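As structure tokens, the structure follows; a few thoughts come after it.
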Amino acid sequence: MVRLGAQYTDHPAAEPPERSEPAGPAKSSEVVGPALIEAVEVSAGYENRRDRTRLIALRDISLTVRPGEFLAIVGPSGCGKTTLINIIAGFVKPISGVMKVRGEEVVGPGSDRAMVFQDYALLPWRTVERNVEFALENRRGRVPKPDRERRIADALALVGLAGFENSYPHQLSGGMRQRVGIARALVGQPEILLMDEPFGAVDAMTREAMQAELEKIIAKTRQTVLFITHSIDEAITLGDRIVVISNRPGTIREIIEVNLPRPRFDERNDARRSARFGEIRGHLWNLLSGEALGATPTPATRSGR
Amino acid sequence: MTRVVPNGSKGTQRAPQLEAITVSRFAPFRGAAITAVNLLVFFVLWELIARTGFINPLFFPRASEVFSALYRGFEDGTILPQLTHSITNFLIGLAISAAIGIPVGLLMGASRVADLILSPYVWAMTSLPRVALIPLLILILGFGNAMQLTIIVLSAVFPIMVNCMAGVKTVDSSLLRAGRVFGTSQSEMYVKVILPFTLPFVISGVNQGIARGLVGMLIGELLGGGGNGLGYLLDRAGQQFDAPMLYAVLLLLAVMSVSLIQAMRWLEERAAPWRDITPT
């Protein structure tokens with residue numbers, strides 16, 4: 001199902017038929033509509049030349065992401081979530097399988113994909129404004145100088161940072177720094193927003209506020225979002241679908257359709273108090289608590305090379 | 001610190017609230033005043049202890065004698081030319097060290113090949129006690145300025161090099177990823193991410209270079225037998241049992257190195273204001 005902008009108007013879009021939700025792993029062939037991102041049996045690993053081993057981080061990941069979708073990715077630490085997002089970003093090459101964006105194989109980073117980092121990754125010697133400008137001034141995706149100012153101002157206004165243009169990152173709180181990170185990612189108008197535990201380092205109160213704002217922002221800008229998180233609640237609150245990745249090597253355990261109306265942070269009808277929310281929460285909790293307890297560190301998988 | 005204030009419907013932020021507080025007018029000078037009193041007490045105690053005569057005045061002159069030796073030395077022209085010689089030599093040596101050490105260090109950080117080729121020599125030279133080189137340098141360069149300058153450069157250049165290399169190698173990996181996500185070319189990555197990140201390392205390298213270079217300067221002048229510089233003054237005062245002059249030169253050296261280090265600290269604060277997160 002392709003999420004349309006109409007979903008953000010007063011009435012939620014027609015609910016798709018209930019999926020056999022806890023019944024087992026969803027197959028990627030179920031997905032209808034054109035795929036924006038398509039992973040075909042992607043495996044990835046990290047070589048340790050001294051031990052002559054390769055740690056398999058991801059094994060045979062097949063996944064389709066529809067345009068405009070908000071895909072939350074949950075799993076225990078070290079399960080390869082970040083590797084998955086790094087492959088899509090073009091930092092990591094899979095050892096087998098293909099990652100495609102709009103039908104073309106990913107060979108490196110591109111202006112159609114932007115990233116928000118857990119540790120913000122802001123340039124500490126630049127002001128807020130100049131940090132956002134960073135996304136517009138480099139060789140790939142350069143925007144002519146006169147156009148930049150307006151776009152930077154728009155992006156800063158969008159994330160609620162108007163008035164902080166000339167502050168330095170160290171003068172801002174964690175939540176505000178991440179707003180800068182989000183503004184920088186959005187200012188280049190990418191099609192895909194990759195978010196690697198963006199709210200993992202901010203306090204709980206700020207985190208909820210940021211989630212609500214992210215939902216609003218994305219409703220306006222309509223990016224396709226891949227959002228990595230440790231938090232079950234965050235995944236359900238934000239995601240259209242939730243991909244559950246299991247531990248070492250990372251494989252897709254299950255894909256869950258959330259089917260909660262948007263906006264999720266609605267004062268009258270908070271999605272977090274709905275029965276459906278609790279249902280998914282319980283299901284995810286069962287899946288992941290097993291993972292967390294069984295997450296014994298396994299030795300590097302020896303792989304013929 | 002400003003906090004995120006989610007205020008309902010509109011996601012706007014309030015500007016940080018600043019309030020005036022009352023601070024004594026003398027607060028900025030407190031540190032300096034404490035230091036001044038501290039030093040005054042130190043010299044008075046020195047004078048008093050020396051006057052009791054418990055310690056042989058041959059190696060423990062009174063503070064007043066030291067200051068008068070210093071004054072006389074400046075007046076009759078024994079100190080000033082030597083001081084100028086040392087400072088000029090040192091600054092030239094430091095400039096040469098920075099001009100060689102910074103680019104080579106950056107190169108070693110950036111290029112694995114350069115690192116592999118150069119690092120055995122750099123590490124050997126970094127750990128080798130500099131004094132060991134003096135006989136060889138005298139053999140090659142003879143007594144005099146060339147030799148003194150060389151030992152300063154050899155002392156200062158390697159800490160600068162090693163720090164610059166470390167700076168480039170420790171750039172946050174997420175900053176590098178951010179650079180790639182947002183479309184930097186190779187050269188943009190260096191100019192906009194790696195070099196600014198490395199700047200504080202360069203400065204701390206130069207700081208260490210100063211400390212090491214001063215040692216190099218002194219051993220060059222003490223052992224090089226060139227007949228000039230503060231080291232020569234020390235050597236001569238020692239041979240003439242002129243304890244007040246010895247102490248006077250030591251005092252000068254202390255002032256010289258402290259002011260150099262303070263100057264660098266000042267520069268460091270200018271060059272990397274974003275590092276003021278935790279003032280210690």
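Each chain in the structure tokens gets a letter, A, B, ..., in the order shown, and its residues are numbered from 1; ligands are numbered from 1 in order too.
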Item to check | For stretch 68-73 of chain B: contacts at 10 Å, only C-alpha atoms, fewer than 3 positions along chain excluded, given as a PyMOL selection string | outcome: chain B and resi 63-65+76-80+242-249+251-252
Generate a file of the selected residues that holds N, CA and C atoms, formatted as a PDB file, in the first residue's frame.
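The result, written out as again.pdb:
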```pdb
ATOM      1  N   ALA B  63      67.528  35.848  47.489  1.00  0.00           N
ATOM      2  CA  ALA B  63      66.708  36.273  46.353  1.00  0.00           C
ATOM      3  C   ALA B  63      67.128  37.660  45.875  1.00  0.00           C
ATOM      4  N   SER B  64      67.448  38.536  46.849  1.00  0.00           N
ATOM      5  CA  SER B  64      67.822  39.898  46.476  1.00  0.00           C
ATOM      6  C   SER B  64      69.104  39.902  45.639  1.00  0.00           C
ATOM      7  N   GLU B  65      70.028  39.008  45.986  1.00  0.00           N
ATOM      8  CA  GLU B  65      71.262  38.908  45.196  1.00  0.00           C
ATOM      9  C   GLU B  65      70.968  38.468  43.764  1.00  0.00           C
ATOM     10  N   ASP B  76      75.033  45.723  32.208  1.00  0.00           N
ATOM     11  CA  ASP B  76      76.356  45.694  31.588  1.00  0.00           C
ATOM     12  C   ASP B  76      76.388  44.868  30.304  1.00  0.00           C
ATOM     13  N   GLY B  77      75.199  44.424  29.831  1.00  0.00           N
ATOM     14  CA  GLY B  77      75.151  43.780  28.527  1.00  0.00           C
ATOM     15  C   GLY B  77      75.675  42.360  28.480  1.00  0.00           C
ATOM     16  N   THR B  78      75.692  41.680  29.644  1.00  0.00           N
ATOM     17  CA  THR B  78      76.064  40.261  29.548  1.00  0.00           C
ATOM     18  C   THR B  78      74.864  39.399  29.182  1.00  0.00           C
ATOM     19  N   ILE B  79      73.680  39.806  29.634  1.00  0.00           N
ATOM     20  CA  ILE B  79      72.522  38.927  29.438  1.00  0.00           C
ATOM     21  C   ILE B  79      71.822  39.171  28.106  1.00  0.00           C
ATOM     22  N   LEU B  80      71.518  40.444  27.812  1.00  0.00           N
ATOM     23  CA  LEU B  80      70.620  40.729  26.694  1.00  0.00           C
ATOM     24  C   LEU B  80      71.036  40.096  25.358  1.00  0.00           C
ATOM     25  N   ASP B 242      79.350  31.530  40.182  1.00  0.00           N
ATOM     26  CA  ASP B 242      78.520  32.736  40.280  1.00  0.00           C
ATOM     27  C   ASP B 242      77.064  32.303  40.472  1.00  0.00           C
ATOM     28  N   ALA B 243      76.743  31.879  41.705  1.00  0.00           N
ATOM     29  CA  ALA B 243      75.402  31.340  41.952  1.00  0.00           C
ATOM     30  C   ALA B 243      74.285  32.337  41.648  1.00  0.00           C
ATOM     31  N   PRO B 244      74.390  33.617  42.051  1.00  0.00           N
ATOM     32  CA  PRO B 244      73.291  34.542  41.741  1.00  0.00           C
ATOM     33  C   PRO B 244      73.000  34.596  40.247  1.00  0.00           C
ATOM     34  N   MET B 245      74.046  34.629  39.421  1.00  0.00           N
ATOM     35  CA  MET B 245      73.844  34.659  37.979  1.00  0.00           C
ATOM     36  C   MET B 245      73.179  33.377  37.485  1.00  0.00           C
ATOM     37  N   LEU B 246      73.589  32.218  38.020  1.00  0.00           N
ATOM     38  CA  LEU B 246      72.966  30.948  37.661  1.00  0.00           C
ATOM     39  C   LEU B 246      71.453  31.005  37.904  1.00  0.00           C
ATOM     40  N   TYR B 247      71.104  31.441  39.102  1.00  0.00           N
ATOM     41  CA  TYR B 247      69.685  31.516  39.432  1.00  0.00           C
ATOM     42  C   TYR B 247      68.979  32.540  38.554  1.00  0.00           C
ATOM     43  N   ALA B 248      69.648  33.631  38.266  1.00  0.00           N
ATOM     44  CA  ALA B 248      69.025  34.666  37.437  1.00  0.00           C
ATOM     45  C   ALA B 248      68.679  34.113  36.058  1.00  0.00           C
ATOM     46  N   VAL B 249      69.608  33.338  35.471  1.00  0.00           N
ATOM     47  CA  VAL B 249      69.342  32.776  34.142  1.00  0.00           C
ATOM     48  C   VAL B 249      68.220  31.745  34.217  1.00  0.00           C
ATOM     49  N   LEU B 251      65.773  31.757  36.248  1.00  0.00           N
ATOM     50  CA  LEU B 251      64.548  32.540  36.377  1.00  0.00           C
ATOM     51  C   LEU B 251      64.070  33.023  35.006  1.00  0.00           C
ATOM     52  N   LEU B 252      65.035  33.526  34.226  1.00  0.00           N
ATOM     53  CA  LEU B 252      64.714  33.989  32.871  1.00  0.00           C
ATOM     54  C   LEU B 252      64.130  32.859  32.031  1.00  0.00           C
TER      55      LEU B 252
END
```
Next on the checklist: Quick one: residues within 8 Å of stretch 36-45 of chain A, only C-alpha atoms, excluding same-chain residues fewer than 3 positions away - as a ChimeraX atom specification?
Outcome noted: /A:54-67,83,93-103
Take the residues from that selection and put them in a file with N, CA and C atoms, as a PDB file, in the first residue's frame.
```
ATOM      1  N   ARG A  54      35.385 -13.603   9.174  1.00  0.00           N
ATOM      2  CA  ARG A  54      34.480 -12.556   8.740  1.00  0.00           C
ATOM      3  C   ARG A  54      33.274 -12.625   9.644  1.00  0.00           C
ATOM      4  N   LEU A  55      32.992 -11.539  10.321  1.00  0.00           N
ATOM      5  CA  LEU A  55      31.815 -11.494  11.182  1.00  0.00           C
ATOM      6  C   LEU A  55      30.619 -11.175  10.300  1.00  0.00           C
ATOM      7  N   ILE A  56      29.700 -12.126  10.231  1.00  0.00           N
ATOM      8  CA  ILE A  56      28.524 -11.904   9.396  1.00  0.00           C
ATOM      9  C   ILE A  56      27.542 -11.047  10.178  1.00  0.00           C
ATOM     10  N   ALA A  57      27.305  -9.844   9.690  1.00  0.00           N
ATOM     11  CA  ALA A  57      26.412  -8.931  10.406  1.00  0.00           C
ATOM     12  C   ALA A  57      24.968  -9.085   9.928  1.00  0.00           C
ATOM     13  N   LEU A  58      24.807  -9.346   8.661  1.00  0.00           N
ATOM     14  CA  LEU A  58      23.463  -9.500   8.098  1.00  0.00           C
ATOM     15  C   LEU A  58      23.472 -10.695   7.162  1.00  0.00           C
ATOM     16  N   ARG A  59      22.407 -11.472   7.194  1.00  0.00           N
ATOM     17  CA  ARG A  59      22.364 -12.621   6.279  1.00  0.00           C
ATOM     18  C   ARG A  59      21.045 -12.635   5.527  1.00  0.00           C
ATOM     19  N   ASP A  60      21.152 -12.644   4.202  1.00  0.00           N
ATOM     20  CA  ASP A  60      19.997 -12.835   3.319  1.00  0.00           C
ATOM     21  C   ASP A  60      18.813 -11.950   3.666  1.00  0.00           C
ATOM     22  N   ILE A  61      19.072 -10.660   3.698  1.00  0.00           N
ATOM     23  CA  ILE A  61      17.990  -9.726   3.962  1.00  0.00           C
ATOM     24  C   ILE A  61      17.270  -9.408   2.653  1.00  0.00           C
ATOM     25  N   SER A  62      15.987  -9.709   2.609  1.00  0.00           N
ATOM     26  CA  SER A  62      15.175  -9.314   1.463  1.00  0.00           C
ATOM     27  C   SER A  62      14.059  -8.424   1.980  1.00  0.00           C
ATOM     28  N   LEU A  63      13.921  -7.278   1.349  1.00  0.00           N
ATOM     29  CA  LEU A  63      13.021  -6.270   1.918  1.00  0.00           C
ATOM     30  C   LEU A  63      12.639  -5.285   0.823  1.00  0.00           C
ATOM     31  N   THR A  64      11.390  -4.857   0.838  1.00  0.00           N
ATOM     32  CA  THR A  64      11.002  -3.808  -0.094  1.00  0.00           C
ATOM     33  C   THR A  64      10.426  -2.644   0.702  1.00  0.00           C
ATOM     34  N   VAL A  65      10.825  -1.464   0.314  1.00  0.00           N
ATOM     35  CA  VAL A  65      10.293  -0.281   0.978  1.00  0.00           C
ATOM     36  C   VAL A  65       9.537   0.528  -0.047  1.00  0.00           C
ATOM     37  N   ARG A  66       8.300   0.876   0.301  1.00  0.00           N
ATOM     38  CA  ARG A  66       7.465   1.614  -0.652  1.00  0.00           C
ATOM     39  C   ARG A  66       7.727   3.102  -0.536  1.00  0.00           C
ATOM     40  N   PRO A  67       7.516   3.836  -1.606  1.00  0.00           N
ATOM     41  CA  PRO A  67       7.735   5.287  -1.533  1.00  0.00           C
ATOM     42  C   PRO A  67       6.813   5.903  -0.484  1.00  0.00           C
ATOM     43  N   THR A  83      24.285  -1.655  10.021  1.00  0.00           N
ATOM     44  CA  THR A  83      24.886  -2.135   8.780  1.00  0.00           C
ATOM     45  C   THR A  83      23.890  -2.040   7.633  1.00  0.00           C
ATOM     46  N   LYS A  93      29.504  -2.135   1.307  1.00  0.00           N
ATOM     47  CA  LYS A  93      29.109  -2.975   0.180  1.00  0.00           C
ATOM     48  C   LYS A  93      28.699  -4.339   0.707  1.00  0.00           C
ATOM     49  N   PRO A  94      27.560  -4.846   0.236  1.00  0.00           N
ATOM     50  CA  PRO A  94      27.193  -6.198   0.680  1.00  0.00           C
ATOM     51  C   PRO A  94      28.180  -7.237   0.146  1.00  0.00           C
ATOM     52  N   ILE A  95      28.351  -8.351   0.886  1.00  0.00           N
ATOM     53  CA  ILE A  95      29.238  -9.388   0.362  1.00  0.00           C
ATOM     54  C   ILE A  95      28.493 -10.277  -0.620  1.00  0.00           C
ATOM     55  N   SER A  96      27.160 -10.293  -0.511  1.00  0.00           N
ATOM     56  CA  SER A  96      26.389 -10.938  -1.571  1.00  0.00           C
ATOM     57  C   SER A  96      25.013 -10.293  -1.587  1.00  0.00           C
ATOM     58  N   GLY A  97      24.299 -10.498  -2.688  1.00  0.00           N
ATOM     59  CA  GLY A  97      22.989  -9.869  -2.808  1.00  0.00           C
ATOM     60  C   GLY A  97      23.107  -8.450  -3.348  1.00  0.00           C
ATOM     61  N   VAL A  98      21.953  -7.862  -3.632  1.00  0.00           N
ATOM     62  CA  VAL A  98      21.938  -6.528  -4.237  1.00  0.00           C
ATOM     63  C   VAL A  98      21.019  -5.607  -3.449  1.00  0.00           C
ATOM     64  N   MET A  99      21.475  -4.366  -3.264  1.00  0.00           N
ATOM     65  CA  MET A  99      20.611  -3.349  -2.686  1.00  0.00           C
ATOM     66  C   MET A  99      20.273  -2.376  -3.802  1.00  0.00           C
ATOM     67  N   LYS A 100      18.974  -2.191  -4.053  1.00  0.00           N
ATOM     68  CA  LYS A 100      18.581  -1.291  -5.138  1.00  0.00           C
ATOM     69  C   LYS A 100      17.773  -0.129  -4.599  1.00  0.00           C
ATOM     70  N   VAL A 101      18.025   1.036  -5.162  1.00  0.00           N
ATOM     71  CA  VAL A 101      17.161   2.181  -4.889  1.00  0.00           C
ATOM     72  C   VAL A 101      16.583   2.615  -6.234  1.00  0.00           C
ATOM     73  N   ARG A 102      15.288   2.681  -6.306  1.00  0.00           N
ATOM     74  CA  ARG A 102      14.580   2.956  -7.558  1.00  0.00           C
ATOM     75  C   ARG A 102      15.075   2.045  -8.681  1.00  0.00           C
ATOM     76  N   GLY A 103      15.299   0.789  -8.341  1.00  0.00           N
ATOM     77  CA  GLY A 103      15.649  -0.199  -9.349  1.00  0.00           C
ATOM     78  C   GLY A 103      17.112  -0.225  -9.722  1.00  0.00           C
TER      79      GLY A 103
END
```
I need the contact residues of chain A against chain B, so if you could list those with any atom within 7 Å, counting only C-alpha atoms, and return them as a tab-separated table (two decimals) with C-alpha atoms, in the first residue's frame, that would help.
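Once written, selection-v9.tsv looks like this:
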```tsv
chain	number	residue	atom	x	y	z
A	109	PRO	CA	26.24	7.73	-1.33
A	110	GLY	CA	23.91	9.94	-3.36
A	114	ALA	CA	20.40	11.71	3.57
A	115	MET	CA	21.24	10.52	7.03
A	121	ALA	CA	27.77	14.27	13.60
A	124	PRO	CA	31.51	21.62	16.07
A	125	TRP	CA	33.36	24.57	14.54
A	135	ALA	CA	24.43	19.68	2.85
A	138	ASN	CA	29.64	20.32	-1.52
A	139	ARG	CA	30.49	19.03	-4.94
A	140	ARG	CA	27.66	16.53	-5.19
A	141	GLY	CA	24.34	18.23	-4.71
A	160	GLY	CA	11.81	24.80	15.12
A	161	LEU	CA	15.29	26.27	15.26
A	170	HIS	CA	28.05	22.88	21.99
A	171	GLN	CA	25.70	25.64	23.10
A	172	LEU	CA	22.65	23.49	22.34
A	173	SER	CA	21.00	20.62	24.19
A	175	GLY	CA	17.53	17.43	21.36
A	176	MET	CA	18.30	20.71	19.67
A	206	THR	CA	12.70	15.38	24.78
A	209	ALA	CA	8.57	15.67	21.84
A	213	GLU	CA	7.69	16.70	15.73
```
Checklist entry - What does the distance from atom CA of B:Met161 to atom CA of B:Ile102 come to in Å, to one decimal? => result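 Separation of atom CA of B:Met161 and atom CA of B:Ile102: 5.7 Å.
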Next on the checklist: For B:Phe60, find every residue with an atom within 10 Å (counting only C-alpha atoms), except residues of its own chain fewer than 6 positions away, and show them as a list in words.
Outcome noted: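 After dropping sequence-adjacent residues, the list is Trp46, Glu47, Ile49, Ala50, Arg51, Gly53, Phe54, Val66, Ala243, Pro244 and Tyr247 of chain B.
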Checklist entry - Using only C-alpha atoms, which residues sit within 6 Å of B:Met165 once same-chain residues fewer than 6 positions away are excluded, as a ChimeraX atom specification? => result /B:105-106,108-109
Next on the checklist: Please list as a ChimeraX atom specification every residue within 8 Å of A:Val258, counting only C-alpha atoms and excluding residues in the same chain fewer than 3 positions away.
Outcome noted: /A:236,239-242,280
Produce a file of the selected residues containing N, CA and C atoms, as a CSV table (one decimal), in the first residue's frame.
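Result saved to again_24.csv:
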```csv
chain,number,residue,atom,x,y,z
A,236,ILE,N,6.6,1.6,17.2
A,236,ILE,CA,5.2,1.5,16.9
A,236,ILE,C,4.6,2.9,16.7
A,239,GLY,N,6.3,4.1,13.1
A,239,GLY,CA,6.4,3.3,11.9
A,239,GLY,C,5.1,3.0,11.2
A,240,ASP,N,5.1,2.9,9.9
A,240,ASP,CA,4.0,2.3,9.1
A,240,ASP,C,4.2,0.8,9.2
A,241,ARG,N,5.4,0.4,9.0
A,241,ARG,CA,5.7,-1.1,9.2
A,241,ARG,C,6.9,-1.1,10.1
A,242,ILE,N,7.0,-2.3,10.8
A,242,ILE,CA,8.2,-2.5,11.7
A,242,ILE,C,8.9,-3.7,11.2
A,280,ILE,N,0.5,-4.8,19.4
A,280,ILE,CA,1.7,-4.9,18.7
A,280,ILE,C,2.9,-4.9,19.8
```
Checklist entry - What are the DSSP helix (DSSP H, G or I) residues of stretch 122-255 of chain B, as a PyMOL selection string? => result chain B and resi 122-127+130-141+145-169+173-181+186-223+230-239+243-255
Given the selection you just returned, output its residues as a file containing C-alpha atoms, formatted as a short mmCIF file (atom, residue, chain, number, x, y, z; two decimals), in the first residue's frame.
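Saved file result15.cif follows:
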```cif
data_model
loop_
_atom_site.label_atom_id
_atom_site.label_comp_id
_atom_site.auth_asym_id
_atom_site.auth_seq_id
_atom_site.Cartn_x
_atom_site.Cartn_y
_atom_site.Cartn_z
CA VAL B 122 59.66 9.05 13.08
CA TRP B 123 59.16 6.76 16.06
CA ALA B 124 62.88 6.07 16.37
CA MET B 125 63.62 9.79 16.35
CA THR B 126 60.75 10.55 18.74
CA SER B 127 62.01 8.15 21.37
CA ARG B 130 68.21 14.07 21.83
CA VAL B 131 71.47 14.49 23.74
CA ALA B 132 72.78 11.35 22.06
CA LEU B 133 72.87 13.24 18.78
CA ILE B 134 75.12 16.05 20.01
CA PRO B 135 78.51 14.46 19.30
CA LEU B 136 77.42 13.51 15.80
CA LEU B 137 76.00 16.95 15.12
CA ILE B 138 79.18 18.60 16.33
CA LEU B 139 81.13 16.29 14.05
CA ILE B 140 79.01 17.25 11.07
CA LEU B 141 78.20 20.88 11.73
CA ASN B 145 74.65 28.28 15.28
CA ALA B 146 73.91 25.65 12.62
CA MET B 147 74.36 22.91 15.15
CA GLN B 148 72.29 24.69 17.80
CA LEU B 149 69.46 25.28 15.36
CA THR B 150 69.55 21.69 14.17
CA ILE B 151 69.18 20.28 17.64
CA ILE B 152 66.18 22.55 18.28
CA VAL B 153 64.52 21.37 15.09
CA LEU B 154 65.30 17.73 15.79
CA SER B 155 63.79 18.10 19.24
CA ALA B 156 60.63 19.93 18.26
CA VAL B 157 59.70 18.48 14.91
CA PHE B 158 58.76 14.95 15.94
CA PRO B 159 56.20 15.69 18.64
CA ILE B 160 54.55 18.07 16.18
CA MET B 161 54.55 15.40 13.49
CA VAL B 162 53.17 12.66 15.73
CA ASN B 163 50.36 14.87 17.04
CA CYS B 164 49.27 15.96 13.59
CA MET B 165 49.21 12.36 12.47
CA ALA B 166 47.15 11.34 15.49
CA GLY B 167 44.72 14.19 14.81
CA VAL B 168 43.98 13.07 11.29
CA LYS B 169 43.63 9.46 12.38
CA SER B 173 33.99 8.26 11.89
CA SER B 174 30.49 9.70 11.92
CA LEU B 175 31.86 13.06 10.75
CA LEU B 176 33.49 11.25 7.85
CA ARG B 177 30.23 9.48 7.12
CA ALA B 178 28.39 12.79 7.29
CA GLY B 179 30.91 14.19 4.82
CA ARG B 180 30.20 11.36 2.42
CA VAL B 181 26.42 11.54 2.84
CA GLN B 186 38.04 14.11 -1.44
CA SER B 187 39.53 17.59 -1.17
CA GLU B 188 36.39 19.06 0.41
CA MET B 189 36.56 16.33 3.02
CA TYR B 190 40.08 17.44 3.92
CA VAL B 191 39.40 21.15 3.91
CA LYS B 192 36.02 21.11 5.63
CA VAL B 193 36.15 18.14 7.96
CA ILE B 194 39.58 16.66 8.57
CA LEU B 195 41.75 19.77 8.86
CA PRO B 196 39.46 21.76 11.17
CA PHE B 197 39.11 18.67 13.34
CA THR B 198 42.89 18.30 13.46
CA LEU B 199 43.63 21.92 14.37
CA PRO B 200 43.58 21.40 18.15
CA PHE B 201 45.94 18.46 17.72
CA VAL B 202 48.30 20.61 15.69
CA ILE B 203 48.32 23.18 18.45
CA SER B 204 48.97 20.65 21.18
CA GLY B 205 51.74 19.22 18.99
CA VAL B 206 53.32 22.66 18.76
CA ASN B 207 52.93 22.95 22.53
CA GLN B 208 54.94 19.79 23.04
CA GLY B 209 57.34 20.99 20.38
CA ILE B 210 57.95 24.11 22.46
CA ALA B 211 58.75 22.13 25.58
CA ARG B 212 61.07 19.76 23.73
CA GLY B 213 62.57 22.54 21.66
CA LEU B 214 63.57 24.47 24.79
CA VAL B 215 65.43 21.42 26.04
CA GLY B 216 67.08 21.11 22.63
CA MET B 217 68.03 24.77 22.72
CA LEU B 218 69.68 24.42 26.12
CA ILE B 219 71.62 21.25 25.44
CA GLY B 220 72.80 22.74 22.17
CA GLU B 221 74.10 25.80 23.98
CA LEU B 222 75.45 23.92 27.00
CA LEU B 223 77.20 21.14 25.16
CA LEU B 230 71.45 31.39 27.74
CA GLY B 231 72.96 27.91 27.99
CA TYR B 232 76.40 29.41 27.61
CA LEU B 233 75.62 31.93 30.36
CA LEU B 234 74.57 29.08 32.65
CA ASP B 235 77.71 27.14 31.84
CA ARG B 236 79.98 30.12 32.48
CA ALA B 237 78.23 31.15 35.70
CA GLY B 238 78.61 27.59 36.95
CA GLN B 239 82.31 27.52 36.23
CA ALA B 243 75.40 31.34 41.95
CA PRO B 244 73.29 34.54 41.74
CA MET B 245 73.84 34.66 37.98
CA LEU B 246 72.97 30.95 37.66
CA TYR B 247 69.68 31.52 39.43
CA ALA B 248 69.03 34.67 37.44
CA VAL B 249 69.34 32.78 34.14
CA LEU B 250 67.15 29.96 35.44
CA LEU B 251 64.55 32.54 36.38
CA LEU B 252 64.71 33.99 32.87
CA LEU B 253 64.29 30.54 31.35
CA ALA B 254 61.26 29.85 33.53
CA VAL B 255 59.66 33.15 32.51
#
```
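Here atom CA of B:Gly229 and atom CA of B:Leu39 stand 26.8 Å from one another.
Computed from the coordinates, the atom CA of A:Leu214 to atom CA of A:Ile252 distance equals 25.6 Å.
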Item to check | Close residues, B:Gly144 itself excluded, 8 Å, only C-alpha atoms, min 4 positions apart in chain, as an MDAnalysis selection string | outcome: chainID B and resid 148 224:227
